[in-house]
file entry_31.txt (compact mmCIF, N, CA and C atoms)
# COMPACT_ATOMS: atom_id res chain seq x y z
N MET E 15 14.85 -21.78 66.10
CA MET E 15 13.74 -21.80 65.21
C MET E 15 13.26 -20.37 65.02
N VAL E 16 13.01 -20.04 63.75
CA VAL E 16 12.57 -18.68 63.43
C VAL E 16 11.06 -18.70 63.32
N HIS E 17 10.46 -17.71 63.96
CA HIS E 17 9.00 -17.60 63.93
C HIS E 17 8.63 -16.40 63.05
N ILE E 18 7.87 -16.68 61.98
CA ILE E 18 7.48 -15.61 61.05
C ILE E 18 6.02 -15.30 61.29
N THR E 19 5.76 -14.02 61.45
CA THR E 19 4.38 -13.59 61.64
C THR E 19 3.94 -12.81 60.40
N THR E 20 2.81 -13.15 59.91
CA THR E 20 2.26 -12.40 58.78
C THR E 20 0.89 -11.93 59.16
N SER E 21 0.59 -10.76 58.70
CA SER E 21 -0.75 -10.26 58.98
C SER E 21 -1.61 -10.48 57.76
N TRP E 22 -2.87 -10.60 57.99
CA TRP E 22 -3.80 -10.78 56.88
C TRP E 22 -3.80 -9.55 55.98
N ARG E 23 -3.56 -8.41 56.56
CA ARG E 23 -3.53 -7.18 55.77
C ARG E 23 -2.35 -7.23 54.79
N GLY E 24 -1.21 -7.66 55.25
CA GLY E 24 -0.03 -7.77 54.38
C GLY E 24 -0.25 -8.76 53.24
N VAL E 25 -0.86 -9.89 53.55
CA VAL E 25 -1.15 -10.89 52.53
C VAL E 25 -2.14 -10.31 51.51
N ALA E 26 -3.14 -9.60 51.98
CA ALA E 26 -4.14 -9.01 51.09
C ALA E 26 -3.49 -7.99 50.15
N VAL E 27 -2.56 -7.19 50.65
CA VAL E 27 -1.88 -6.20 49.82
C VAL E 27 -1.05 -6.89 48.75
N VAL E 28 -0.32 -7.92 49.12
CA VAL E 28 0.50 -8.66 48.15
C VAL E 28 -0.39 -9.29 47.08
N VAL E 29 -1.49 -9.90 47.48
CA VAL E 29 -2.40 -10.53 46.52
C VAL E 29 -3.01 -9.46 45.59
N ALA E 30 -3.40 -8.32 46.15
CA ALA E 30 -3.98 -7.25 45.33
C ALA E 30 -2.98 -6.73 44.30
N VAL E 31 -1.75 -6.52 44.72
CA VAL E 31 -0.71 -6.04 43.80
C VAL E 31 -0.46 -7.09 42.71
N ALA E 32 -0.41 -8.35 43.09
CA ALA E 32 -0.19 -9.41 42.11
C ALA E 32 -1.33 -9.46 41.09
N LEU E 33 -2.56 -9.30 41.54
CA LEU E 33 -3.70 -9.31 40.63
C LEU E 33 -3.66 -8.12 39.67
N VAL E 34 -3.29 -6.97 40.17
CA VAL E 34 -3.18 -5.79 39.29
C VAL E 34 -2.10 -6.02 38.24
N VAL E 35 -0.95 -6.52 38.65
CA VAL E 35 0.15 -6.79 37.71
C VAL E 35 -0.30 -7.81 36.67
N LEU E 36 -0.94 -8.88 37.08
CA LEU E 36 -1.43 -9.88 36.14
C LEU E 36 -2.47 -9.30 35.19
N GLY E 37 -3.34 -8.43 35.69
CA GLY E 37 -4.33 -7.78 34.83
C GLY E 37 -3.68 -6.90 33.78
N VAL E 38 -2.67 -6.14 34.17
CA VAL E 38 -1.97 -5.28 33.21
C VAL E 38 -1.25 -6.12 32.16
N VAL E 39 -0.60 -7.18 32.58
CA VAL E 39 0.10 -8.06 31.64
C VAL E 39 -0.91 -8.70 30.68
N ALA E 40 -2.03 -9.18 31.20
CA ALA E 40 -3.05 -9.81 30.35
C ALA E 40 -3.61 -8.80 29.35
N TRP E 41 -3.87 -7.57 29.79
CA TRP E 41 -4.37 -6.55 28.87
C TRP E 41 -3.34 -6.28 27.78
N PHE E 42 -2.08 -6.14 28.16
CA PHE E 42 -1.02 -5.85 27.20
C PHE E 42 -0.90 -6.95 26.15
N LEU E 43 -1.00 -8.20 26.58
CA LEU E 43 -0.84 -9.32 25.66
C LEU E 43 -2.05 -9.55 24.76
N THR E 44 -3.23 -9.11 25.19
CA THR E 44 -4.44 -9.38 24.41
C THR E 44 -5.01 -8.15 23.73
N ARG E 45 -4.37 -7.00 23.89
CA ARG E 45 -4.92 -5.80 23.24
C ARG E 45 -4.81 -5.97 21.73
N PRO E 46 -5.76 -5.41 21.00
CA PRO E 46 -5.72 -5.56 19.55
C PRO E 46 -4.57 -4.77 18.94
N GLU E 47 -4.03 -5.32 17.85
CA GLU E 47 -2.99 -4.62 17.12
C GLU E 47 -3.60 -3.38 16.50
N PRO E 48 -2.84 -2.31 16.38
CA PRO E 48 -3.37 -1.15 15.68
C PRO E 48 -3.74 -1.53 14.26
N SER E 49 -4.88 -1.10 13.82
CA SER E 49 -5.35 -1.47 12.49
C SER E 49 -4.58 -0.75 11.41
N ARG E 50 -3.98 -1.54 10.51
CA ARG E 50 -3.28 -0.92 9.39
C ARG E 50 -4.29 -0.39 8.39
N ALA E 51 -5.52 -0.88 8.48
CA ALA E 51 -6.53 -0.44 7.54
C ALA E 51 -7.19 0.85 7.98
N GLU E 52 -6.72 1.46 9.07
CA GLU E 52 -7.35 2.66 9.56
C GLU E 52 -7.25 3.82 8.57
N LEU E 53 -6.36 3.74 7.59
CA LEU E 53 -6.28 4.77 6.57
C LEU E 53 -7.46 4.67 5.62
N GLY E 54 -8.07 3.54 5.56
CA GLY E 54 -9.29 3.39 4.80
C GLY E 54 -9.17 2.49 3.59
N SER E 55 -10.30 1.89 3.28
CA SER E 55 -10.43 1.03 2.11
C SER E 55 -11.40 1.67 1.13
N ARG E 56 -11.14 1.44 -0.14
CA ARG E 56 -12.03 1.90 -1.19
C ARG E 56 -12.32 0.70 -2.07
N THR E 57 -13.58 0.47 -2.35
CA THR E 57 -13.96 -0.60 -3.26
C THR E 57 -14.71 0.04 -4.42
N VAL E 58 -14.21 -0.21 -5.62
CA VAL E 58 -14.79 0.40 -6.81
C VAL E 58 -15.07 -0.66 -7.87
N GLN E 59 -16.04 -0.39 -8.70
CA GLN E 59 -16.34 -1.23 -9.85
C GLN E 59 -15.62 -0.64 -11.05
N ALA E 60 -14.77 -1.43 -11.68
CA ALA E 60 -14.03 -1.00 -12.86
C ALA E 60 -14.48 -1.88 -14.01
N GLY E 61 -15.63 -1.55 -14.58
CA GLY E 61 -16.22 -2.43 -15.58
C GLY E 61 -16.74 -3.66 -14.87
N GLY E 62 -16.32 -4.83 -15.30
CA GLY E 62 -16.75 -6.07 -14.67
C GLY E 62 -15.81 -6.54 -13.57
N VAL E 63 -14.95 -5.64 -13.08
CA VAL E 63 -13.97 -6.02 -12.06
C VAL E 63 -14.22 -5.21 -10.79
N GLU E 64 -14.36 -5.90 -9.66
CA GLU E 64 -14.42 -5.21 -8.38
C GLU E 64 -13.00 -5.10 -7.85
N VAL E 65 -12.59 -3.88 -7.52
CA VAL E 65 -11.24 -3.63 -7.05
C VAL E 65 -11.33 -3.05 -5.64
N ALA E 66 -10.77 -3.77 -4.67
CA ALA E 66 -10.70 -3.29 -3.29
C ALA E 66 -9.28 -2.81 -3.03
N MET E 67 -9.16 -1.55 -2.60
CA MET E 67 -7.86 -0.93 -2.35
C MET E 67 -7.83 -0.47 -0.90
N THR E 68 -6.86 -0.95 -0.15
CA THR E 68 -6.72 -0.56 1.25
C THR E 68 -5.37 0.09 1.43
N ALA E 69 -5.38 1.34 1.87
CA ALA E 69 -4.12 2.04 2.14
C ALA E 69 -3.53 1.50 3.44
N LEU E 70 -2.32 0.97 3.36
CA LEU E 70 -1.63 0.44 4.55
C LEU E 70 -0.67 1.47 5.13
N THR E 71 0.07 2.16 4.25
CA THR E 71 0.95 3.23 4.69
C THR E 71 0.88 4.38 3.70
N LEU E 72 0.87 5.57 4.22
CA LEU E 72 0.97 6.81 3.45
C LEU E 72 1.82 7.74 4.30
N ASP E 73 3.13 7.63 4.16
CA ASP E 73 4.02 8.40 5.03
C ASP E 73 5.37 8.62 4.38
N GLY E 74 6.33 9.03 5.14
CA GLY E 74 7.66 9.31 4.63
C GLY E 74 8.36 8.12 4.01
N SER E 75 7.90 6.91 4.34
CA SER E 75 8.51 5.72 3.75
C SER E 75 7.91 5.38 2.39
N GLY E 76 6.82 6.03 2.04
CA GLY E 76 6.17 5.78 0.76
C GLY E 76 4.70 5.45 0.95
N ALA E 77 4.14 4.81 -0.06
CA ALA E 77 2.72 4.44 -0.04
C ALA E 77 2.61 2.95 -0.34
N THR E 78 1.81 2.27 0.48
CA THR E 78 1.60 0.83 0.29
C THR E 78 0.10 0.56 0.36
N PHE E 79 -0.38 -0.23 -0.58
CA PHE E 79 -1.80 -0.57 -0.66
C PHE E 79 -1.96 -2.08 -0.79
N ARG E 80 -2.98 -2.62 -0.11
CA ARG E 80 -3.38 -4.00 -0.34
C ARG E 80 -4.46 -3.92 -1.43
N ILE E 81 -4.28 -4.69 -2.51
CA ILE E 81 -5.19 -4.64 -3.65
C ILE E 81 -5.79 -6.02 -3.86
N LYS E 82 -7.09 -6.03 -4.12
CA LYS E 82 -7.77 -7.29 -4.40
C LYS E 82 -8.67 -7.09 -5.62
N PHE E 83 -8.48 -7.94 -6.63
CA PHE E 83 -9.28 -7.90 -7.85
C PHE E 83 -10.22 -9.10 -7.85
N ASP E 84 -11.49 -8.88 -8.13
CA ASP E 84 -12.46 -9.97 -8.25
C ASP E 84 -13.32 -9.75 -9.48
N THR E 85 -13.47 -10.79 -10.29
CA THR E 85 -14.31 -10.72 -11.48
C THR E 85 -14.71 -12.12 -11.89
N HIS E 86 -15.75 -12.20 -12.69
CA HIS E 86 -16.14 -13.48 -13.29
C HIS E 86 -16.26 -13.35 -14.79
N THR E 87 -15.89 -12.17 -15.31
CA THR E 87 -16.08 -11.93 -16.74
C THR E 87 -14.80 -11.49 -17.46
N VAL E 88 -13.80 -11.04 -16.74
CA VAL E 88 -12.60 -10.48 -17.35
C VAL E 88 -11.37 -11.26 -16.88
N ASP E 89 -10.42 -11.51 -17.81
CA ASP E 89 -9.17 -12.13 -17.41
C ASP E 89 -8.28 -11.05 -16.80
N LEU E 90 -7.73 -11.31 -15.65
CA LEU E 90 -6.90 -10.33 -14.94
C LEU E 90 -5.43 -10.48 -15.33
N GLY E 91 -5.13 -10.22 -16.59
CA GLY E 91 -3.78 -10.36 -17.09
C GLY E 91 -2.92 -9.13 -16.92
N LEU E 92 -3.45 -8.08 -16.29
CA LEU E 92 -2.69 -6.85 -16.15
C LEU E 92 -1.55 -7.00 -15.15
N ASP E 93 -0.55 -6.14 -15.29
CA ASP E 93 0.55 -6.08 -14.33
C ASP E 93 0.35 -4.81 -13.51
N PRO E 94 -0.15 -4.92 -12.28
CA PRO E 94 -0.42 -3.73 -11.48
C PRO E 94 0.79 -2.80 -11.32
N ALA E 95 1.99 -3.35 -11.33
CA ALA E 95 3.18 -2.50 -11.16
C ALA E 95 3.34 -1.53 -12.32
N THR E 96 2.89 -1.91 -13.51
CA THR E 96 3.04 -1.02 -14.67
C THR E 96 1.76 -0.26 -14.99
N THR E 97 0.62 -0.70 -14.49
CA THR E 97 -0.63 -0.01 -14.80
C THR E 97 -1.12 0.89 -13.67
N ALA E 98 -0.40 0.93 -12.57
CA ALA E 98 -0.80 1.76 -11.43
C ALA E 98 -0.05 3.08 -11.45
N ARG E 99 -0.77 4.13 -11.09
CA ARG E 99 -0.16 5.45 -10.98
C ARG E 99 -0.64 6.08 -9.68
N LEU E 100 0.28 6.62 -8.94
CA LEU E 100 -0.01 7.32 -7.70
C LEU E 100 0.12 8.81 -7.95
N THR E 101 -0.82 9.58 -7.43
CA THR E 101 -0.74 11.03 -7.52
C THR E 101 -0.71 11.57 -6.09
N VAL E 102 0.32 12.35 -5.79
CA VAL E 102 0.48 12.94 -4.45
C VAL E 102 0.47 14.45 -4.62
N ASN E 103 -0.55 15.09 -4.06
CA ASN E 103 -0.70 16.55 -4.18
C ASN E 103 -0.59 17.01 -5.63
N GLY E 104 -1.20 16.24 -6.55
CA GLY E 104 -1.22 16.63 -7.95
C GLY E 104 -0.03 16.18 -8.77
N THR E 105 0.99 15.62 -8.13
CA THR E 105 2.18 15.16 -8.85
C THR E 105 2.10 13.65 -9.05
N SER E 106 2.21 13.23 -10.31
CA SER E 106 2.09 11.83 -10.66
C SER E 106 3.38 11.07 -10.36
N VAL E 107 3.23 9.87 -9.79
CA VAL E 107 4.36 9.02 -9.41
C VAL E 107 4.17 7.66 -10.06
N ASN E 108 5.18 7.18 -10.76
CA ASN E 108 5.16 5.84 -11.32
C ASN E 108 6.16 4.98 -10.53
N GLY E 109 6.46 3.82 -11.04
CA GLY E 109 7.48 2.98 -10.40
C GLY E 109 6.97 2.17 -9.23
N ALA E 110 5.81 1.58 -9.41
CA ALA E 110 5.25 0.73 -8.35
C ALA E 110 5.91 -0.63 -8.35
N ARG E 111 5.79 -1.30 -7.22
CA ARG E 111 6.26 -2.69 -7.09
C ARG E 111 5.06 -3.53 -6.66
N TRP E 112 4.83 -4.65 -7.35
CA TRP E 112 3.72 -5.55 -7.06
C TRP E 112 4.27 -6.79 -6.38
N ASP E 113 3.73 -7.12 -5.23
CA ASP E 113 4.09 -8.34 -4.52
C ASP E 113 2.79 -9.10 -4.31
N GLY E 114 2.48 -9.97 -5.26
CA GLY E 114 1.21 -10.68 -5.17
C GLY E 114 1.10 -11.74 -6.24
N GLN E 115 -0.14 -12.16 -6.45
CA GLN E 115 -0.40 -13.23 -7.40
C GLN E 115 -0.06 -12.78 -8.81
N SER E 116 0.41 -13.74 -9.61
CA SER E 116 0.82 -13.45 -10.99
C SER E 116 -0.41 -13.25 -11.88
N PRO E 117 -0.19 -12.69 -13.10
CA PRO E 117 -1.30 -12.40 -14.01
C PRO E 117 -2.11 -13.63 -14.36
N GLY E 118 -3.40 -13.37 -14.62
CA GLY E 118 -4.30 -14.42 -15.04
C GLY E 118 -5.38 -14.70 -14.02
N GLY E 119 -6.38 -15.42 -14.45
CA GLY E 119 -7.45 -15.82 -13.55
C GLY E 119 -8.48 -14.73 -13.33
N HIS E 120 -9.34 -14.96 -12.33
CA HIS E 120 -10.44 -14.05 -12.04
C HIS E 120 -10.37 -13.47 -10.64
N HIS E 121 -9.41 -13.91 -9.84
CA HIS E 121 -9.26 -13.40 -8.48
C HIS E 121 -7.77 -13.25 -8.21
N ARG E 122 -7.36 -12.04 -7.88
CA ARG E 122 -5.95 -11.78 -7.59
C ARG E 122 -5.86 -10.83 -6.41
N GLU E 123 -4.80 -10.96 -5.65
CA GLU E 123 -4.55 -9.99 -4.60
C GLU E 123 -3.07 -9.91 -4.31
N GLY E 124 -2.70 -8.77 -3.73
CA GLY E 124 -1.30 -8.55 -3.40
C GLY E 124 -1.10 -7.16 -2.85
N THR E 125 0.17 -6.77 -2.75
CA THR E 125 0.53 -5.47 -2.20
C THR E 125 1.21 -4.65 -3.28
N LEU E 126 0.75 -3.41 -3.41
CA LEU E 126 1.30 -2.46 -4.37
C LEU E 126 2.01 -1.38 -3.59
N SER E 127 3.31 -1.17 -3.88
CA SER E 127 4.12 -0.23 -3.09
C SER E 127 4.78 0.81 -3.98
N PHE E 128 4.85 2.02 -3.47
CA PHE E 128 5.55 3.12 -4.11
C PHE E 128 6.56 3.64 -3.10
N ALA E 129 7.81 3.85 -3.52
CA ALA E 129 8.86 4.29 -2.60
C ALA E 129 8.88 5.80 -2.38
N THR E 130 8.15 6.55 -3.18
CA THR E 130 8.14 8.01 -3.06
C THR E 130 7.49 8.42 -1.74
N PRO E 131 8.18 9.25 -0.94
CA PRO E 131 7.61 9.70 0.33
C PRO E 131 6.30 10.46 0.14
N VAL E 132 5.38 10.27 1.07
CA VAL E 132 4.10 10.97 1.06
C VAL E 132 4.07 11.89 2.28
N PRO E 133 4.03 13.21 2.07
CA PRO E 133 4.02 14.13 3.21
C PRO E 133 2.70 14.08 3.98
N ALA E 134 2.76 14.40 5.24
CA ALA E 134 1.56 14.43 6.08
C ALA E 134 0.55 15.39 5.48
N GLY E 135 -0.71 14.97 5.47
CA GLY E 135 -1.79 15.80 4.96
C GLY E 135 -1.93 15.82 3.45
N ALA E 136 -1.09 15.07 2.74
CA ALA E 136 -1.13 15.08 1.28
C ALA E 136 -2.41 14.45 0.74
N ALA E 137 -2.88 14.98 -0.38
CA ALA E 137 -3.98 14.37 -1.12
C ALA E 137 -3.38 13.27 -1.98
N VAL E 138 -3.88 12.04 -1.82
CA VAL E 138 -3.31 10.88 -2.51
C VAL E 138 -4.38 10.22 -3.35
N GLU E 139 -4.04 9.92 -4.61
CA GLU E 139 -4.95 9.20 -5.49
C GLU E 139 -4.21 8.02 -6.09
N LEU E 140 -4.83 6.86 -6.07
CA LEU E 140 -4.30 5.67 -6.72
C LEU E 140 -5.21 5.34 -7.90
N ARG E 141 -4.62 5.22 -9.08
CA ARG E 141 -5.36 4.89 -10.30
C ARG E 141 -4.74 3.65 -10.92
N ILE E 142 -5.58 2.65 -11.15
CA ILE E 142 -5.12 1.42 -11.80
C ILE E 142 -5.84 1.33 -13.14
N THR E 143 -5.04 1.32 -14.21
CA THR E 143 -5.59 1.21 -15.56
C THR E 143 -5.42 -0.23 -16.03
N GLY E 144 -5.82 -0.50 -17.27
CA GLY E 144 -5.67 -1.84 -17.82
C GLY E 144 -6.86 -2.73 -17.53
N LEU E 145 -7.90 -2.17 -16.92
CA LEU E 145 -9.15 -2.87 -16.65
C LEU E 145 -10.20 -2.30 -17.61
N PRO E 146 -11.39 -2.86 -17.68
CA PRO E 146 -12.42 -2.28 -18.56
C PRO E 146 -12.66 -0.79 -18.28
N GLN E 147 -12.50 -0.37 -17.02
CA GLN E 147 -12.53 1.04 -16.62
C GLN E 147 -11.44 1.23 -15.59
N ASP E 148 -10.96 2.47 -15.45
CA ASP E 148 -9.95 2.74 -14.43
C ASP E 148 -10.55 2.55 -13.04
N ALA E 149 -9.73 2.01 -12.14
CA ALA E 149 -10.10 1.91 -10.73
C ALA E 149 -9.38 3.05 -10.01
N VAL E 150 -10.14 3.90 -9.32
CA VAL E 150 -9.56 5.08 -8.70
C VAL E 150 -10.00 5.15 -7.25
N GLY E 151 -9.04 5.37 -6.36
CA GLY E 151 -9.32 5.59 -4.94
C GLY E 151 -8.52 6.79 -4.47
N SER E 152 -9.06 7.51 -3.51
CA SER E 152 -8.33 8.67 -2.98
C SER E 152 -8.37 8.67 -1.46
N TRP E 153 -7.28 9.21 -0.88
CA TRP E 153 -7.08 9.27 0.56
C TRP E 153 -6.43 10.59 0.92
N SER E 154 -6.42 10.87 2.19
CA SER E 154 -5.66 11.99 2.73
C SER E 154 -4.64 11.39 3.68
N ALA E 155 -3.37 11.68 3.45
CA ALA E 155 -2.30 11.10 4.29
C ALA E 155 -2.43 11.67 5.72
N PRO E 156 -2.21 10.82 6.70
CA PRO E 156 -2.30 11.30 8.09
C PRO E 156 -1.17 12.24 8.44

call {"tool": "encode", "arguments": {"input": "entry_31.txt", "output": "structure tokens"}}
result
Amino acid sequence: MVHITTSWRGVAVVVAVALVVLGVVAWFLTRPEPSRAELGSRTVQAGGVEVAMTALTLDGSGATFRIKFDTHTVDLGLDPATTARLTVNGTSVNGARWDGQSPGGHHREGTLSFATPVPAGAAVELRITGLPQDAVGSWSAP
């Protein structure tokens, strides 16, 4: 018969290590995701249309914005892919891609993407025309 001796100190050390490991795992699993909106949101009035623009990416992969249009007076029949223009350090960029709700109605949202790389520190302006007034937001690329 094998006789195993354990000390209370050894048990306490094992329990303490286990609690620390569980705490680290719990923190890792519950920590908040990095905010994609940390680049900033701009909300502007473009005539009777409220336009919320949130920069999601401004980097070497391009520029991506979450766009939300809200109105009760204007039909939102515009195509953001053709009415949006991005300006990076004074150079105008066209060729946006819209992934969102189709034209019409009074509430629309989606993602507007430009494939042109945005260098770090660049001055970025997004202009959406085709509304009663242009919606313009500006950011500085990280």

call {"tool": "closest_residue", "arguments": {"input": "entry_31.txt", "among": "E:Thr125, E:Lys82, E:Leu90, E:Ala137", "to": "Thr105 of chain E", "atoms": "only N, CA and C atoms"}}
result
E:Ala137

call {"tool": "atom_distance", "arguments": {"input": "entry_31.txt", "atom1": "atom CA of Trp112 of chain E", "atom2": "atom CA of Leu100 of chain E"}}
result
13.4 Å

call {"tool": "residues_near_point", "arguments": {"input": "entry_31.txt", "point": "(-10.3, 3.4, -7.1)", "cutoff": "7 Å", "atoms": "all atoms listed in the file", "output": "ChimeraX atom specification"}}
result
/E:56-58,65,67,140-142,148-152

call {"tool": "atom_distance", "arguments": {"input": "entry_31.txt", "atom1": "atom C of Ala155 of chain E", "atom2": "atom C of Leu72 of chain E"}}
result
6.0 Å

call {"tool": "atom_distance", "arguments": {"input": "entry_31.txt", "atom1": "atom CA of Gly74 of chain E", "atom2": "atom N of Pro94 of chain E"}}
result
23.4 Å

call {"tool": "residues_around", "arguments": {"input": "entry_31.txt", "residues": "segment 96-99 of chain E", "least_positions_apart": "6", "cutoff": "6.5 Å", "atoms": "all atoms listed in the file", "output": "PDB file with N, CA and C atoms, in the frame of the given file"}}
result
ATOM      1  N   SER E 106       2.210  13.230 -10.310  1.00  0.00           N
ATOM      2  CA  SER E 106       2.090  11.830 -10.660  1.00  0.00           C
ATOM      3  C   SER E 106       3.380  11.070 -10.360  1.00  0.00           C
ATOM      4  N   VAL E 107       3.230   9.870  -9.790  1.00  0.00           N
ATOM      5  CA  VAL E 107       4.360   9.020  -9.410  1.00  0.00           C
ATOM      6  C   VAL E 107       4.170   7.660 -10.060  1.00  0.00           C
ATOM      7  N   ASN E 108       5.180   7.180 -10.760  1.00  0.00           N
ATOM      8  CA  ASN E 108       5.160   5.840 -11.320  1.00  0.00           C
ATOM      9  C   ASN E 108       6.160   4.980 -10.530  1.00  0.00           C
ATOM     10  N   ALA E 110       5.810   1.580  -9.410  1.00  0.00           N
ATOM     11  CA  ALA E 110       5.250   0.730  -8.350  1.00  0.00           C
ATOM     12  C   ALA E 110       5.910  -0.630  -8.350  1.00  0.00           C
ATOM     13  N   GLU E 139      -4.040   9.920  -4.610  1.00  0.00           N
ATOM     14  CA  GLU E 139      -4.950   9.200  -5.490  1.00  0.00           C
ATOM     15  C   GLU E 139      -4.210   8.020  -6.090  1.00  0.00           C
ATOM     16  N   LEU E 140      -4.830   6.860  -6.070  1.00  0.00           N
ATOM     17  CA  LEU E 140      -4.300   5.670  -6.720  1.00  0.00           C
ATOM     18  C   LEU E 140      -5.210   5.340  -7.900  1.00  0.00           C
ATOM     19  N   ARG E 141      -4.620   5.220  -9.080  1.00  0.00           N
ATOM     20  CA  ARG E 141      -5.360   4.890 -10.300  1.00  0.00           C
ATOM     21  C   ARG E 141      -4.740   3.650 -10.920  1.00  0.00           C
ATOM     22  N   ILE E 142      -5.580   2.650 -11.150  1.00  0.00           N
ATOM     23  CA  ILE E 142      -5.120   1.420 -11.800  1.00  0.00           C
ATOM     24  C   ILE E 142      -5.840   1.330 -13.140  1.00  0.00           C
ATOM     25  N   THR E 143      -5.040   1.320 -14.210  1.00  0.00           N
ATOM     26  CA  THR E 143      -5.590   1.210 -15.560  1.00  0.00           C
ATOM     27  C   THR E 143      -5.420  -0.230 -16.030  1.00  0.00           C
ATOM     28  N   GLY E 144      -5.820  -0.500 -17.270  1.00  0.00           N
ATOM     29  CA  GLY E 144      -5.670  -1.840 -17.820  1.00  0.00           C
ATOM     30  C   GLY E 144      -6.860  -2.730 -17.530  1.00  0.00           C
TER      31      GLY E 144
END

call {"tool": "closest_residue", "arguments": {"input": "entry_31.txt", "among": "E:Ser21, E:Thr130, E:Thr78, E:Gln59", "to": "Gln147 of chain E", "atoms": "only N, CA and C atoms"}}
result
E:Gln59

call {"tool": "residues_around", "arguments": {"input": "entry_31.txt", "residues": "Pro131 of chain E", "least_positions_apart": "2", "cutoff": "7 Å", "atoms": "only C-alpha atoms", "output": "list in words"}}
result
Asp73, Gly74, Ser75, Gly76, Ala129 and Pro133 of chain E

call {"tool": "closest_residue", "arguments": {"input": "entry_31.txt", "among": "E:Ala77, E:Ser127, E:Arg122, E:Leu53", "to": "Ala95 of chain E", "atoms": "only C-alpha atoms"}}
result
E:Ser127

call {"tool": "residues_around", "arguments": {"input": "entry_31.txt", "residues": "Gly124 of chain E", "least_positions_apart": "3", "cutoff": "9 Å", "atoms": "only C-alpha atoms", "output": "PDB file with N, CA and C atoms, keeping the file's coordinate frame"}}
result
ATOM      1  N   PHE E  79      -0.380  -0.230  -0.580  1.00  0.00           N
ATOM      2  CA  PHE E  79      -1.800  -0.570  -0.660  1.00  0.00           C
ATOM      3  C   PHE E  79      -1.960  -2.080  -0.790  1.00  0.00           C
ATOM      4  N   ARG E  80      -2.980  -2.620  -0.110  1.00  0.00           N
ATOM      5  CA  ARG E  80      -3.380  -4.000  -0.340  1.00  0.00           C
ATOM      6  C   ARG E  80      -4.460  -3.920  -1.430  1.00  0.00           C
ATOM      7  N   ILE E  81      -4.280  -4.690  -2.510  1.00  0.00           N
ATOM      8  CA  ILE E  81      -5.190  -4.640  -3.650  1.00  0.00           C
ATOM      9  C   ILE E  81      -5.790  -6.020  -3.860  1.00  0.00           C
ATOM     10  N   LYS E  82      -7.090  -6.030  -4.120  1.00  0.00           N
ATOM     11  CA  LYS E  82      -7.770  -7.290  -4.400  1.00  0.00           C
ATOM     12  C   LYS E  82      -8.670  -7.090  -5.620  1.00  0.00           C
ATOM     13  N   TRP E 112       4.830  -4.650  -7.350  1.00  0.00           N
ATOM     14  CA  TRP E 112       3.720  -5.550  -7.060  1.00  0.00           C
ATOM     15  C   TRP E 112       4.270  -6.790  -6.380  1.00  0.00           C
ATOM     16  N   ASP E 113       3.730  -7.120  -5.230  1.00  0.00           N
ATOM     17  CA  ASP E 113       4.090  -8.340  -4.520  1.00  0.00           C
ATOM     18  C   ASP E 113       2.790  -9.100  -4.310  1.00  0.00           C
ATOM     19  N   GLY E 114       2.480  -9.970  -5.260  1.00  0.00           N
ATOM     20  CA  GLY E 114       1.210 -10.680  -5.170  1.00  0.00           C
ATOM     21  C   GLY E 114       1.100 -11.740  -6.240  1.00  0.00           C
ATOM     22  N   GLN E 115      -0.140 -12.160  -6.450  1.00  0.00           N
ATOM     23  CA  GLN E 115      -0.400 -13.230  -7.400  1.00  0.00           C
ATOM     24  C   GLN E 115      -0.060 -12.780  -8.810  1.00  0.00           C
TER      25      GLN E 115
END

call {"tool": "select_by_dssp", "arguments": {"input": "entry_31.txt", "residues": "segment 106-139 of chain E", "states": "strand (DSSP E)", "output": "list in words"}}
result
Ser106, Val107, Arg111, Trp112, Asp113, Gly114, His121, Arg122, Glu123, Gly124, Thr125, Leu126, Ser127, Phe128, Ala137, Val138 and Glu139 of chain E

call {"tool": "select_by_dssp", "arguments": {"input": "entry_31.txt", "residues": "segment 39-120 of chain E", "states": "helix (DSSP H, G or I)", "output": "PyMOL selection string"}}
result
chain E and resi 39-44+50-53+94-97

call {"tool": "closest_residue", "arguments": {"input": "entry_31.txt", "among": "E:Thr85, E:Leu92, E:Gly119, E:Val138", "to": "Gly62 of chain E", "atoms": "only C-alpha atoms"}}
result
E:Thr85
